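Printed here is query_11.json (JSON, C-alpha atoms and all ligand atoms):
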[["chain", "number", "residue", "atom", "x", "y", "z"],
["A", 1, "MET", "CA", 54.87, -9.01, 12.51],
["A", 2, "ASN", "CA", 58.19, -7.82, 13.99],
["A", 3, "ILE", "CA", 60.88, -10.45, 13.57],
["A", 4, "LEU", "CA", 64.28, -10.34, 15.27],
["A", 5, "ILE", "CA", 66.97, -12.61, 13.87],
["A", 6, "THR", "CA", 70.29, -13.61, 15.38],
["A", 7, "ASN", "CA", 72.78, -16.48, 15.18],
["A", 8, "ASP", "CA", 76.10, -17.61, 16.62],
["A", 9, "ASP", "CA", 78.02, -17.88, 13.34],
["A", 10, "GLY", "CA", 78.28, -14.12, 12.86],
["A", 11, "LEU", "CA", 76.57, -11.48, 10.74],
["A", 12, "TYR", "CA", 78.07, -12.69, 7.47],
["A", 13, "ALA", "CA", 77.08, -16.36, 7.76],
["A", 14, "GLU", "CA", 75.25, -17.83, 4.78],
["A", 15, "GLY", "CA", 72.60, -19.46, 6.96],
["A", 16, "LEU", "CA", 71.69, -16.11, 8.52],
["A", 17, "ARG", "CA", 71.26, -14.59, 5.08],
["A", 18, "VAL", "CA", 68.90, -17.38, 4.00],
["A", 19, "LEU", "CA", 66.88, -17.08, 7.19],
["A", 20, "ALA", "CA", 66.52, -13.30, 6.78],
["A", 21, "GLU", "CA", 65.62, -13.69, 3.12],
["A", 22, "VAL", "CA", 62.72, -16.04, 3.91],
["A", 23, "ALA", "CA", 61.56, -14.16, 7.02],
["A", 24, "GLN", "CA", 61.34, -10.89, 5.07],
["A", 25, "GLN", "CA", 58.45, -12.38, 3.12],
["A", 26, "PHE", "CA", 56.48, -12.68, 6.36],
["A", 27, "GLY", "CA", 57.24, -9.59, 8.41],
["A", 28, "ASP", "CA", 59.50, -6.68, 9.33],
["A", 29, "VAL", "CA", 62.93, -8.15, 9.88],
["A", 30, "LYS", "CA", 65.88, -6.76, 11.82],
["A", 31, "VAL", "CA", 69.06, -8.79, 12.15],
["A", 32, "ILE", "CA", 71.53, -8.41, 15.00],
["A", 33, "ALA", "CA", 74.36, -10.89, 15.16],
["A", 34, "PRO", "CA", 77.79, -11.31, 16.75],
["A", 35, "ASP", "CA", 80.71, -9.56, 14.99],
["A", 36, "ARG", "CA", 82.50, -12.94, 14.76],
["A", 37, "GLU", "CA", 81.75, -16.61, 15.13],
["A", 38, "ARG", "CA", 80.66, -17.42, 18.67],
["A", 39, "SER", "CA", 79.58, -21.06, 18.31],
["A", 40, "ALA", "CA", 79.41, -23.20, 21.46],
["A", 41, "CYS", "CA", 79.12, -20.21, 23.80],
["A", 42, "GLY", "CA", 75.88, -21.61, 25.25],
["A", 43, "HIS", "CA", 73.61, -19.28, 27.18],
["A", 44, "ALA", "CA", 76.44, -16.98, 28.26],
["A", 45, "MET", "CA", 75.89, -13.24, 28.38],
["A", 46, "THR", "CA", 78.20, -10.22, 28.57],
["A", 47, "MET", "CA", 78.00, -8.35, 31.86],
["A", 48, "ARG", "CA", 81.48, -6.94, 32.52],
["A", 49, "ASP", "CA", 82.09, -5.16, 29.21],
["A", 50, "PRO", "CA", 80.17, -2.56, 27.23],
["A", 51, "LEU", "CA", 78.25, -3.76, 24.20],
["A", 52, "ARG", "CA", 78.59, -1.75, 20.99],
["A", 53, "MET", "CA", 76.11, -2.11, 18.15],
["A", 54, "ARG", "CA", 76.98, -1.02, 14.61],
["A", 55, "ARG", "CA", 74.66, -0.79, 11.61],
["A", 56, "ILE", "CA", 76.21, -2.53, 8.60],
["A", 57, "GLU", "CA", 75.16, -1.09, 5.24],
["A", 58, "HIS", "CA", 74.77, -2.91, 1.92],
["A", 59, "LEU", "CA", 73.39, -6.12, 3.35],
["A", 60, "PRO", "CA", 70.27, -7.72, 1.86],
["A", 61, "PHE", "CA", 68.56, -7.00, 5.19],
["A", 62, "GLU", "CA", 68.61, -4.41, 7.97],
["A", 63, "GLY", "CA", 71.65, -5.72, 9.81],
["A", 64, "TYR", "CA", 73.61, -4.80, 12.93],
["A", 65, "GLU", "CA", 76.71, -6.36, 14.41],
["A", 66, "LEU", "CA", 77.30, -6.55, 18.12],
["A", 67, "ASN", "CA", 80.53, -7.28, 19.99],
["A", 68, "GLY", "CA", 78.67, -9.83, 22.05],
["A", 69, "LEU", "CA", 77.03, -13.24, 22.18],
["A", 70, "PRO", "CA", 73.65, -14.44, 20.85],
["A", 71, "VAL", "CA", 71.95, -13.77, 24.19],
["A", 72, "ASP", "CA", 73.33, -10.21, 24.13],
["A", 73, "CYS", "CA", 72.02, -9.82, 20.57],
["A", 74, "VAL", "CA", 68.52, -10.88, 21.56],
["A", 75, "ASN", "CA", 68.42, -8.57, 24.57],
["A", 76, "VAL", "CA", 69.90, -5.53, 22.81],
["A", 77, "GLY", "CA", 67.84, -6.18, 19.66],
["A", 78, "ASN", "CA", 64.63, -6.66, 21.58],
["A", 79, "THR", "CA", 65.16, -3.52, 23.66],
["A", 80, "ILE", "CA", 66.81, -1.11, 21.22],
["A", 81, "LEU", "CA", 65.75, -2.22, 17.73],
["A", 82, "PHE", "CA", 62.17, -3.12, 18.60],
["A", 83, "PRO", "CA", 61.16, -0.77, 21.45],
["A", 84, "GLU", "CA", 57.54, -1.47, 20.48],
["A", 85, "GLY", "CA", 58.14, -5.19, 21.09],
["A", 86, "CYS", "CA", 58.83, -8.09, 18.77],
["A", 87, "ASP", "CA", 56.64, -11.05, 17.88],
["A", 88, "LEU", "CA", 59.12, -13.66, 16.77],
["A", 89, "ILE", "CA", 62.78, -14.45, 17.41],
["A", 90, "LEU", "CA", 64.67, -16.67, 15.00],
["A", 91, "SER", "CA", 68.18, -17.93, 15.62],
["A", 92, "GLY", "CA", 70.29, -19.54, 12.89],
["A", 93, "ILE", "CA", 70.40, -21.10, 10.46],
["A", 94, "ASN", "CA", 73.36, -22.69, 12.19],
["A", 95, "GLU", "CA", 76.07, -24.37, 10.14],
["A", 96, "GLY", "CA", 75.90, -27.75, 11.83],
["A", 97, "PRO", "CA", 73.38, -29.73, 13.88],
["A", 98, "ASN", "CA", 72.04, -28.86, 17.33],
["A", 99, "LEU", "CA", 70.68, -32.18, 18.46],
["A", 100, "GLY", "CA", 70.22, -33.94, 21.76],
["A", 101, "PHE", "CA", 72.18, -32.73, 24.78],
["A", 102, "ASP", "CA", 74.43, -30.69, 22.48],
["A", 103, "ILE", "CA", 71.87, -27.91, 22.62],
["A", 104, "THR", "CA", 73.19, -26.94, 26.05],
["A", 105, "TYR", "CA", 76.44, -25.80, 24.37],
["A", 106, "SER", "CA", 74.76, -24.07, 21.47],
["A", 107, "GLY", "CA", 74.77, -20.30, 21.02],
["A", 108, "THR", "CA", 72.11, -20.70, 18.33],
["A", 109, "VAL", "CA", 69.77, -22.47, 20.72],
["A", 110, "ALA", "CA", 70.62, -19.97, 23.49],
["A", 111, "GLY", "CA", 69.32, -17.16, 21.26],
["A", 112, "ALA", "CA", 65.93, -18.88, 21.07],
["A", 113, "MET", "CA", 66.06, -19.70, 24.78],
["A", 114, "GLU", "CA", 66.53, -16.01, 25.60],
["A", 115, "GLY", "CA", 63.53, -15.20, 23.43],
["A", 116, "ALA", "CA", 61.39, -17.72, 25.32],
["A", 117, "ILE", "CA", 62.55, -16.21, 28.63],
["A", 118, "ASN", "CA", 61.24, -12.88, 27.31],
["A", 119, "ASP", "CA", 57.92, -14.52, 26.48],
["A", 120, "ILE", "CA", 58.37, -14.24, 22.72],
["A", 121, "ARG", "CA", 57.78, -17.08, 20.28],
["A", 122, "SER", "CA", 61.29, -18.31, 19.47],
["A", 123, "ILE", "CA", 62.75, -20.83, 17.08],
["A", 124, "ALA", "CA", 66.33, -22.11, 16.73],
["A", 125, "LEU", "CA", 67.21, -23.46, 13.28],
["A", 126, "SER", "CA", 70.19, -25.57, 12.33],
["A", 127, "MET", "CA", 71.47, -27.45, 9.30],
["A", 128, "ALA", "CA", 72.18, -31.03, 10.27],
["A", 129, "LEU", "CA", 75.47, -31.36, 8.46],
["A", 130, "PHE", "CA", 77.68, -34.07, 9.88],
["A", 131, "VAL", "CA", 80.87, -34.08, 7.84],
["A", 132, "THR", "CA", 83.19, -31.07, 7.69],
["A", 133, "GLY", "CA", 83.33, -29.83, 4.12],
["A", 134, "ALA", "CA", 80.17, -31.70, 3.01],
["A", 135, "PRO", "CA", 77.76, -29.56, 0.98],
["A", 136, "LEU", "CA", 75.59, -27.23, 3.02],
["A", 137, "HIS", "CA", 72.21, -27.56, 1.31],
["A", 138, "LEU", "CA", 70.87, -24.16, 2.30],
["A", 139, "ASP", "CA", 68.53, -24.27, -0.69],
["A", 140, "THR", "CA", 66.72, -27.12, 1.04],
["A", 141, "ALA", "CA", 66.40, -25.00, 4.18],
["A", 142, "ARG", "CA", 65.23, -21.98, 2.18],
["A", 143, "ARG", "CA", 62.49, -23.97, 0.48],
["A", 144, "TRP", "CA", 61.38, -25.92, 3.53],
["A", 145, "LEU", "CA", 61.27, -22.78, 5.65],
["A", 146, "ALA", "CA", 59.32, -20.74, 3.10],
["A", 147, "GLU", "CA", 56.74, -23.52, 2.88],
["A", 148, "ASN", "CA", 56.46, -24.00, 6.65],
["A", 149, "PHE", "CA", 57.07, -20.52, 8.02],
["A", 150, "ALA", "CA", 53.39, -19.80, 8.69],
["A", 151, "LEU", "CA", 53.00, -23.20, 10.34],
["A", 152, "LEU", "CA", 55.99, -22.57, 12.64],
["A", 153, "CYS", "CA", 54.40, -19.25, 13.65],
["A", 154, "GLU", "CA", 51.08, -20.88, 14.43],
["A", 155, "LEU", "CA", 52.03, -24.14, 16.17],
["A", 156, "PRO", "CA", 50.77, -24.21, 19.73],
["A", 157, "VAL", "CA", 53.78, -23.52, 21.95],
["A", 158, "GLU", "CA", 53.42, -23.02, 25.68],
["A", 159, "ALA", "CA", 55.01, -20.13, 27.58],
["A", 160, "GLY", "CA", 58.60, -20.89, 28.56],
["A", 161, "THR", "CA", 59.02, -23.22, 25.59],
["A", 162, "PHE", "CA", 60.80, -22.73, 22.28],
["A", 163, "LEU", "CA", 61.22, -24.84, 19.16],
["A", 164, "ASN", "CA", 64.51, -26.42, 18.15],
["A", 165, "VAL", "CA", 64.48, -27.23, 14.43],
["A", 166, "ASN", "CA", 67.13, -29.27, 12.59],
["A", 167, "ILE", "CA", 67.04, -29.54, 8.81],
["A", 168, "PRO", "CA", 69.04, -32.38, 7.25],
["A", 169, "SER", "CA", 71.64, -31.10, 4.81],
["A", 170, "ILE", "CA", 70.35, -33.07, 1.82],
["A", 171, "GLN", "CA", 68.71, -32.24, -1.51],
["A", 172, "TYR", "CA", 65.18, -30.89, -1.18],
["A", 173, "ASP", "CA", 63.63, -33.82, -3.07],
["A", 174, "GLU", "CA", 65.36, -36.26, -0.69],
["A", 175, "LEU", "CA", 63.62, -34.63, 2.28],
["A", 176, "ARG", "CA", 61.01, -37.06, 3.65],
["A", 177, "GLY", "CA", 58.95, -34.60, 5.73],
["A", 178, "MET", "CA", 59.07, -33.36, 9.29],
["A", 179, "ARG", "CA", 58.69, -34.94, 12.69],
["A", 180, "VAL", "CA", 57.92, -33.54, 16.11],
["A", 181, "CYS", "CA", 60.30, -35.42, 18.35],
["A", 182, "GLN", "CA", 62.00, -35.59, 21.69],
["A", 183, "MET", "CA", 65.59, -34.68, 22.38],
["A", 184, "GLY", "CA", 68.03, -37.52, 21.87],
["A", 185, "LYS", "CA", 71.61, -38.07, 22.99],
["A", 186, "ARG", "CA", 74.79, -37.18, 21.19],
["A", 187, "VAL", "CA", 77.55, -39.43, 22.45],
["A", 188, "TYR", "CA", 81.18, -38.47, 21.92],
["A", 189, "LYS", "CA", 84.44, -40.28, 22.32],
["A", 190, "ASP", "CA", 87.90, -38.75, 22.62],
["A", 191, "ARG", "CA", 86.35, -35.50, 23.88],
["A", 192, "VAL", "CA", 89.69, -34.12, 25.04],
["A", 193, "GLU", "CA", 92.76, -34.69, 22.94],
["A", 194, "GLU", "CA", 96.24, -34.10, 24.31],
["A", 195, "ARG", "CA", 98.77, -32.74, 21.86],
["A", 196, "ASN", "CA", 102.20, -31.18, 22.14],
["A", 197, "ASP", "CA", 103.27, -27.72, 21.08],
["A", 198, "PRO", "CA", 106.62, -27.19, 19.23],
["A", 199, "TRP", "CA", 108.37, -26.90, 22.61],
["A", 200, "GLY", "CA", 107.07, -30.25, 23.80],
["A", 201, "ARG", "CA", 104.54, -28.79, 26.24],
["A", 202, "PRO", "CA", 101.13, -30.47, 26.29],
["A", 203, "TYR", "CA", 97.99, -28.63, 25.30],
["A", 204, "TYR", "CA", 94.41, -29.85, 25.00],
["A", 205, "TRP", "CA", 91.89, -29.64, 22.21],
["A", 206, "GLN", "CA", 88.20, -30.28, 22.80],
["A", 207, "GLY", "CA", 86.04, -31.73, 20.09],
["A", 208, "GLY", "CA", 85.60, -35.45, 19.82],
["A", 209, "VAL", "CA", 84.01, -37.87, 17.45],
["A", 210, "VAL", "CA", 80.31, -38.68, 17.62],
["A", 211, "VAL", "CA", 79.81, -42.37, 18.30],
["A", 212, "MET", "CA", 76.22, -43.50, 18.34],
["A", 213, "ASN", "CA", 73.67, -45.35, 16.34],
["A", 214, "PRO", "CA", 70.67, -43.11, 15.63],
["A", 215, "SER", "CA", 68.40, -46.13, 15.16],
["A", 216, "GLU", "CA", 68.98, -46.97, 18.84],
["A", 217, "GLN", "CA", 67.19, -43.71, 19.69],
["A", 218, "PRO", "CA", 63.73, -44.08, 18.19],
["A", 219, "GLY", "CA", 61.48, -41.04, 18.37],
["A", 220, "THR", "CA", 64.35, -38.60, 18.84],
["A", 221, "ASP", "CA", 65.68, -35.66, 16.83],
["A", 222, "VAL", "CA", 68.88, -37.65, 16.27],
["A", 223, "GLU", "CA", 66.96, -40.45, 14.55],
["A", 224, "ALA", "CA", 64.66, -38.10, 12.59],
["A", 225, "VAL", "CA", 67.43, -36.16, 10.83],
["A", 226, "SER", "CA", 69.41, -39.34, 10.16],
["A", 227, "GLU", "CA", 66.35, -40.64, 8.30],
["A", 228, "GLY", "CA", 65.93, -37.47, 6.25],
["A", 229, "PHE", "CA", 63.23, -35.72, 8.29],
["A", 230, "VAL", "CA", 63.27, -32.19, 9.63],
["A", 231, "SER", "CA", 63.12, -32.51, 13.41],
["A", 232, "ILE", "CA", 61.05, -30.12, 15.52],
["A", 233, "THR", "CA", 61.68, -30.43, 19.25],
["A", 234, "PRO", "CA", 59.78, -28.34, 21.77],
["A", 235, "VAL", "CA", 62.23, -27.43, 24.52],
["A", 236, "SER", "CA", 61.02, -26.26, 27.91],
["A", 237, "LEU", "CA", 62.99, -23.86, 30.08],
["A", 238, "ASP", "CA", 61.75, -25.74, 33.10],
["A", 239, "TRP", "CA", 64.57, -28.25, 33.56],
["A", 240, "THR", "CA", 62.98, -29.84, 36.63],
["A", 241, "SER", "CA", 62.91, -33.61, 36.50],
["A", 242, "TYR", "CA", 59.37, -34.27, 37.73],
["A", 243, "ASP", "CA", 60.09, -37.97, 37.89],
["A", 244, "ALA", "CA", 62.99, -37.32, 40.23],
["A", 245, "ILE", "CA", 60.86, -35.04, 42.45],
["A", 246, "THR", "CA", 58.50, -37.89, 43.19],
["A", 247, "LYS", "CA", 61.35, -40.34, 43.84],
["A", 248, "LEU", "CA", 63.38, -37.89, 45.96],
["A", 249, "ARG", "CA", 60.34, -37.00, 48.06],
["A", 250, "ALA", "CA", 59.65, -40.68, 48.63],
["A", 251, "ALA", "CA", 63.29, -41.17, 49.71],
["A", 252, "MET", "CA", 63.26, -38.28, 52.21],
["A", 253, "PRO", "CA", 63.45, -39.03, 55.94],
["A", 254, "THR", "CA", 60.07, -38.64, 57.66],
["A", 255, "HIS", "CA", 61.04, -35.41, 59.53],
["A", 256, "SER", "CA", 61.69, -33.56, 56.23],
["A", 257, "GLY", "CA", 58.04, -32.67, 55.79],
["A", 258, "HIS", "CA", 57.57, -34.82, 52.72],
["A", 259, "SER", "CA", 56.41, -37.96, 54.42],
["A", 260, "GLY", "CA", 52.83, -39.00, 53.99],
["A", 261, "ILE", "CA", 52.66, -39.40, 57.78],
["A", 262, "LEU", "CA", 53.12, -35.66, 58.46],
["B", 301, "MN", "MN", 77.34, -21.97, 15.06]]

Show this structure as structure tokens.
Amino acid sequence: MNILITNDDGLYAEGLRVLAEVAQQFGDVKVIAPDRERSACGHAMTMRDPLRMRRIEHLPFEGYELNGLPVDCVNVGNTILFPEGCDLILSGINEGPNLGFDITYSGTVAGAMEGAINDIRSIALSMALFVTGAPLHLDTARRWLAENFALLCELPVEAGTFLNVNIPSIQYDELRGMRVCQMGKRVYKDRVEERNDPWGRPYYWQGGVVVMNPSEQPGTDVEAVSEGFVSITPVSLDWTSYDAITKLRAAMPTHSGHSGIL
């Protein structure tokens, strides 16, 4: 099995190393990752600048750095490193959660999304760590992933769909299992903060504090990780709201061609 690995934290991230270490037990692994941290770049791709790939020696895996984004890494890796095609794309393990609507910002998730667009089984993996500086229990991820790697490769996943996995950053023996769940909501307050530079000119910093009660979102990834479960969310590239289609068609004027009369 040919396995391509990327992330958005850069080639030297600890989570990437753990992911490659486990994946190497299951197939031929090549890692291509951004040359610096590119978190929160979403599904952006580089089109106006040349991409340069460089083999980095003395890594515990076959690794390449690219002056691009996770989507660039998947496309260059898939085309150049695996000309014979690749069977699995893994993105992560991100340092921090990718839950709910936040996945639209995520470079980690975008890597998996690009894999799904290319019709390759793809999985985004993140450590659900909520407090800056709290311990990153990558050992938990290593163990959970080794035990469930084959399962993740075999789960029935439809075309145009990828898996978004979040592993709670807790001790392995505190882990309560895994849940397949729907995407929840991450609600922020104080998203944009105004500050002043030393010359008194305002500048703005985006971040914000998460304000929400996971127990108010039963059945979601947000609730699952807060209760100590690994969350597995199938995400479809088809963003159409089928519910809205029905309602919009019903609300259309009769001459639009959607009336039952015509
Ligand atoms: Mn990241």

Subject >> For range 52-63 of chain A: contacts at 9 Å, all atoms listed in the file, fewer than 3 positions along chain excluded, given as a count of residues only >> reply: 14

**OP:** For ligand MN 301 (chain B), list the contacting residues at 8 Å or closer, counting only C-alpha atoms and all ligand atoms, as a VMD selection string.
**Re:** chain A and resid 7 to 9 37 to 40 92 94 to 96 106 to 108

**OP:** Please check which residues have atoms at most 8 Å from (76.2, -28.7, 11.3) in the file's coordinates, counting only C-alpha atoms, and write them as a ChimeraX atom specification.
**Re:** /A:94-98,126-131

Subject >> A:Gly177, A:Thr246, A:Tyr204, A:Cys86 ranked by distance to Glu227 in chain A, top pick (using all atoms listed in the file) >> reply: A:Gly177

Original post:
Quick one: of A:Ser241, A:Ser215, A:Ser122, A:Thr46, who's nearest to Val157 in chain A, counting all atoms listed in the file?
Top reply: A:Ser122

**OP:** One decimal, Å: what's the distance from CA of Ser226 in chain A over to CA of Gly133 in chain A, could you say?
**Re:**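 Value for the CA of Ser226 in chain A-CA of Gly133 in chain A distance: 17.9 Å.
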
**OP:** Name the residues within 10 Å of (65.3, -38.8, 16.6), counting all atoms listed in the file in the file's coordinates, and put them as a VMD selection string.
**Re:** chain A and resid 99 to 100 179 to 185 214 to 227 229 to 233

**OP:** Calculate how many Å separate CA of Tyr172 in chain A from CA of Ala141 in chain A, rounding to one decimal.
**Re:**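 Atom-to-atom, CA of Tyr172 in chain A and CA of Ala141 in chain A are spaced 8.1 Å apart.
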
Do a neighbour search on Leu155 in chain A at 12 Å with all atoms listed in the file, toss out local chain neighbours closer than 2 positions, and write the hits as a PDB file with C-alpha atoms, in the coordinates of the input.
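What ended up in around_4.pdb:
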ATOM      1  CA  ARG A 121      57.780 -17.080  20.280  1.00  0.00           C
ATOM      2  CA  SER A 122      61.290 -18.310  19.470  1.00  0.00           C
ATOM      3  CA  ILE A 123      62.750 -20.830  17.080  1.00  0.00           C
ATOM      4  CA  ASN A 148      56.460 -24.000   6.650  1.00  0.00           C
ATOM      5  CA  PHE A 149      57.070 -20.520   8.020  1.00  0.00           C
ATOM      6  CA  ALA A 150      53.390 -19.800   8.690  1.00  0.00           C
ATOM      7  CA  LEU A 151      53.000 -23.200  10.340  1.00  0.00           C
ATOM      8  CA  LEU A 152      55.990 -22.570  12.640  1.00  0.00           C
ATOM      9  CA  CYS A 153      54.400 -19.250  13.650  1.00  0.00           C
ATOM     10  CA  VAL A 157      53.780 -23.520  21.950  1.00  0.00           C
ATOM     11  CA  GLU A 158      53.420 -23.020  25.680  1.00  0.00           C
ATOM     12  CA  THR A 161      59.020 -23.220  25.590  1.00  0.00           C
ATOM     13  CA  PHE A 162      60.800 -22.730  22.280  1.00  0.00           C
ATOM     14  CA  LEU A 163      61.220 -24.840  19.160  1.00  0.00           C
ATOM     15  CA  VAL A 180      57.920 -33.540  16.110  1.00  0.00           C
ATOM     16  CA  ILE A 232      61.050 -30.120  15.520  1.00  0.00           C
ATOM     17  CA  THR A 233      61.680 -30.430  19.250  1.00  0.00           C
ATOM     18  CA  PRO A 234      59.780 -28.340  21.770  1.00  0.00           C
TER      19      PRO A 234
END

Restore N, CA, C and O atoms in range 137-155 of chain A and list the result as a PDB file, in the frame of the given file.
ATOM      1  N   HIS A 137      73.357 -27.733   2.227  1.00  0.00           N
ATOM      2  CA  HIS A 137      72.210 -27.560   1.310  1.00  0.00           C
ATOM      3  C   HIS A 137      71.264 -26.493   1.831  1.00  0.00           C
ATOM      4  O   HIS A 137      70.128 -26.786   2.218  1.00  0.00           O
ATOM      5  N   LEU A 138      71.725 -25.245   1.790  1.00  0.00           N
ATOM      6  CA  LEU A 138      70.870 -24.160   2.300  1.00  0.00           C
ATOM      7  C   LEU A 138      69.646 -23.933   1.425  1.00  0.00           C
ATOM      8  O   LEU A 138      68.648 -23.396   1.886  1.00  0.00           O
ATOM      9  N   ASP A 139      69.715 -24.365   0.173  1.00  0.00           N
ATOM     10  CA  ASP A 139      68.530 -24.270  -0.690  1.00  0.00           C
ATOM     11  C   ASP A 139      67.384 -25.105  -0.140  1.00  0.00           C
ATOM     12  O   ASP A 139      66.226 -24.729  -0.241  1.00  0.00           O
ATOM     13  N   THR A 140      67.730 -26.263   0.421  1.00  0.00           N
ATOM     14  CA  THR A 140      66.720 -27.120   1.040  1.00  0.00           C
ATOM     15  C   THR A 140      66.074 -26.389   2.212  1.00  0.00           C
ATOM     16  O   THR A 140      64.849 -26.374   2.357  1.00  0.00           O
ATOM     17  N   ALA A 141      66.917 -25.740   3.028  1.00  0.00           N
ATOM     18  CA  ALA A 141      66.400 -25.000   4.180  1.00  0.00           C
ATOM     19  C   ALA A 141      65.526 -23.843   3.716  1.00  0.00           C
ATOM     20  O   ALA A 141      64.451 -23.600   4.280  1.00  0.00           O
ATOM     21  N   ARG A 142      65.980 -23.140   2.692  1.00  0.00           N
ATOM     22  CA  ARG A 142      65.230 -21.980   2.180  1.00  0.00           C
ATOM     23  C   ARG A 142      63.829 -22.409   1.761  1.00  0.00           C
ATOM     24  O   ARG A 142      62.840 -21.797   2.127  1.00  0.00           O
ATOM     25  N   ARG A 143      63.770 -23.502   0.999  1.00  0.00           N
ATOM     26  CA  ARG A 143      62.490 -23.970   0.480  1.00  0.00           C
ATOM     27  C   ARG A 143      61.583 -24.511   1.573  1.00  0.00           C
ATOM     28  O   ARG A 143      60.400 -24.194   1.644  1.00  0.00           O
ATOM     29  N   TRP A 144      62.161 -25.327   2.441  1.00  0.00           N
ATOM     30  CA  TRP A 144      61.380 -25.920   3.530  1.00  0.00           C
ATOM     31  C   TRP A 144      60.821 -24.826   4.438  1.00  0.00           C
ATOM     32  O   TRP A 144      59.648 -24.847   4.829  1.00  0.00           O
ATOM     33  N   LEU A 145      61.670 -23.853   4.736  1.00  0.00           N
ATOM     34  CA  LEU A 145      61.270 -22.780   5.650  1.00  0.00           C
ATOM     35  C   LEU A 145      60.190 -21.906   5.036  1.00  0.00           C
ATOM     36  O   LEU A 145      59.221 -21.548   5.718  1.00  0.00           O
ATOM     37  N   ALA A 146      60.331 -21.578   3.760  1.00  0.00           N
ATOM     38  CA  ALA A 146      59.320 -20.740   3.100  1.00  0.00           C
ATOM     39  C   ALA A 146      57.964 -21.452   3.127  1.00  0.00           C
ATOM     40  O   ALA A 146      56.930 -20.832   3.365  1.00  0.00           O
ATOM     41  N   GLU A 147      57.991 -22.764   2.914  1.00  0.00           N
ATOM     42  CA  GLU A 147      56.740 -23.520   2.880  1.00  0.00           C
ATOM     43  C   GLU A 147      56.130 -23.701   4.271  1.00  0.00           C
ATOM     44  O   GLU A 147      54.921 -23.890   4.406  1.00  0.00           O
ATOM     45  N   ASN A 148      56.954 -23.687   5.305  1.00  0.00           N
ATOM     46  CA  ASN A 148      56.460 -24.000   6.650  1.00  0.00           C
ATOM     47  C   ASN A 148      56.543 -22.845   7.636  1.00  0.00           C
ATOM     48  O   ASN A 148      56.290 -23.034   8.831  1.00  0.00           O
ATOM     49  N   PHE A 149      56.897 -21.673   7.138  1.00  0.00           N
ATOM     50  CA  PHE A 149      57.070 -20.520   8.020  1.00  0.00           C
ATOM     51  C   PHE A 149      55.788 -20.201   8.790  1.00  0.00           C
ATOM     52  O   PHE A 149      55.807 -20.046  10.017  1.00  0.00           O
ATOM     53  N   ALA A 150      54.677 -20.134   8.052  1.00  0.00           N
ATOM     54  CA  ALA A 150      53.390 -19.800   8.690  1.00  0.00           C
ATOM     55  C   ALA A 150      53.035 -20.855   9.735  1.00  0.00           C
ATOM     56  O   ALA A 150      52.580 -20.528  10.837  1.00  0.00           O
ATOM     57  N   LEU A 151      53.276 -22.112   9.397  1.00  0.00           N
ATOM     58  CA  LEU A 151      53.000 -23.200  10.340  1.00  0.00           C
ATOM     59  C   LEU A 151      53.810 -23.024  11.622  1.00  0.00           C
ATOM     60  O   LEU A 151      53.282 -23.123  12.737  1.00  0.00           O
ATOM     61  N   LEU A 152      55.121 -22.739  11.470  1.00  0.00           N
ATOM     62  CA  LEU A 152      55.990 -22.570  12.640  1.00  0.00           C
ATOM     63  C   LEU A 152      55.507 -21.416  13.522  1.00  0.00           C
ATOM     64  O   LEU A 152      55.676 -21.444  14.734  1.00  0.00           O
ATOM     65  N   CYS A 153      54.906 -20.403  12.888  1.00  0.00           N
ATOM     66  CA  CYS A 153      54.400 -19.250  13.650  1.00  0.00           C
ATOM     67  C   CYS A 153      53.101 -19.571  14.362  1.00  0.00           C
ATOM     68  O   CYS A 153      52.730 -18.882  15.306  1.00  0.00           O
ATOM     69  N   GLU A 154      52.404 -20.590  13.885  1.00  0.00           N
ATOM     70  CA  GLU A 154      51.080 -20.880  14.430  1.00  0.00           C
ATOM     71  C   GLU A 154      51.034 -22.083  15.361  1.00  0.00           C
ATOM     72  O   GLU A 154      50.059 -22.276  16.089  1.00  0.00           O
ATOM     73  N   LEU A 155      52.046 -22.932  15.319  1.00  0.00           N
ATOM     74  CA  LEU A 155      52.030 -24.140  16.170  1.00  0.00           C
ATOM     75  C   LEU A 155      51.782 -23.753  17.620  1.00  0.00           C
ATOM     76  O   LEU A 155      52.305 -22.740  18.088  1.00  0.00           O
TER      77      LEU A 155
END
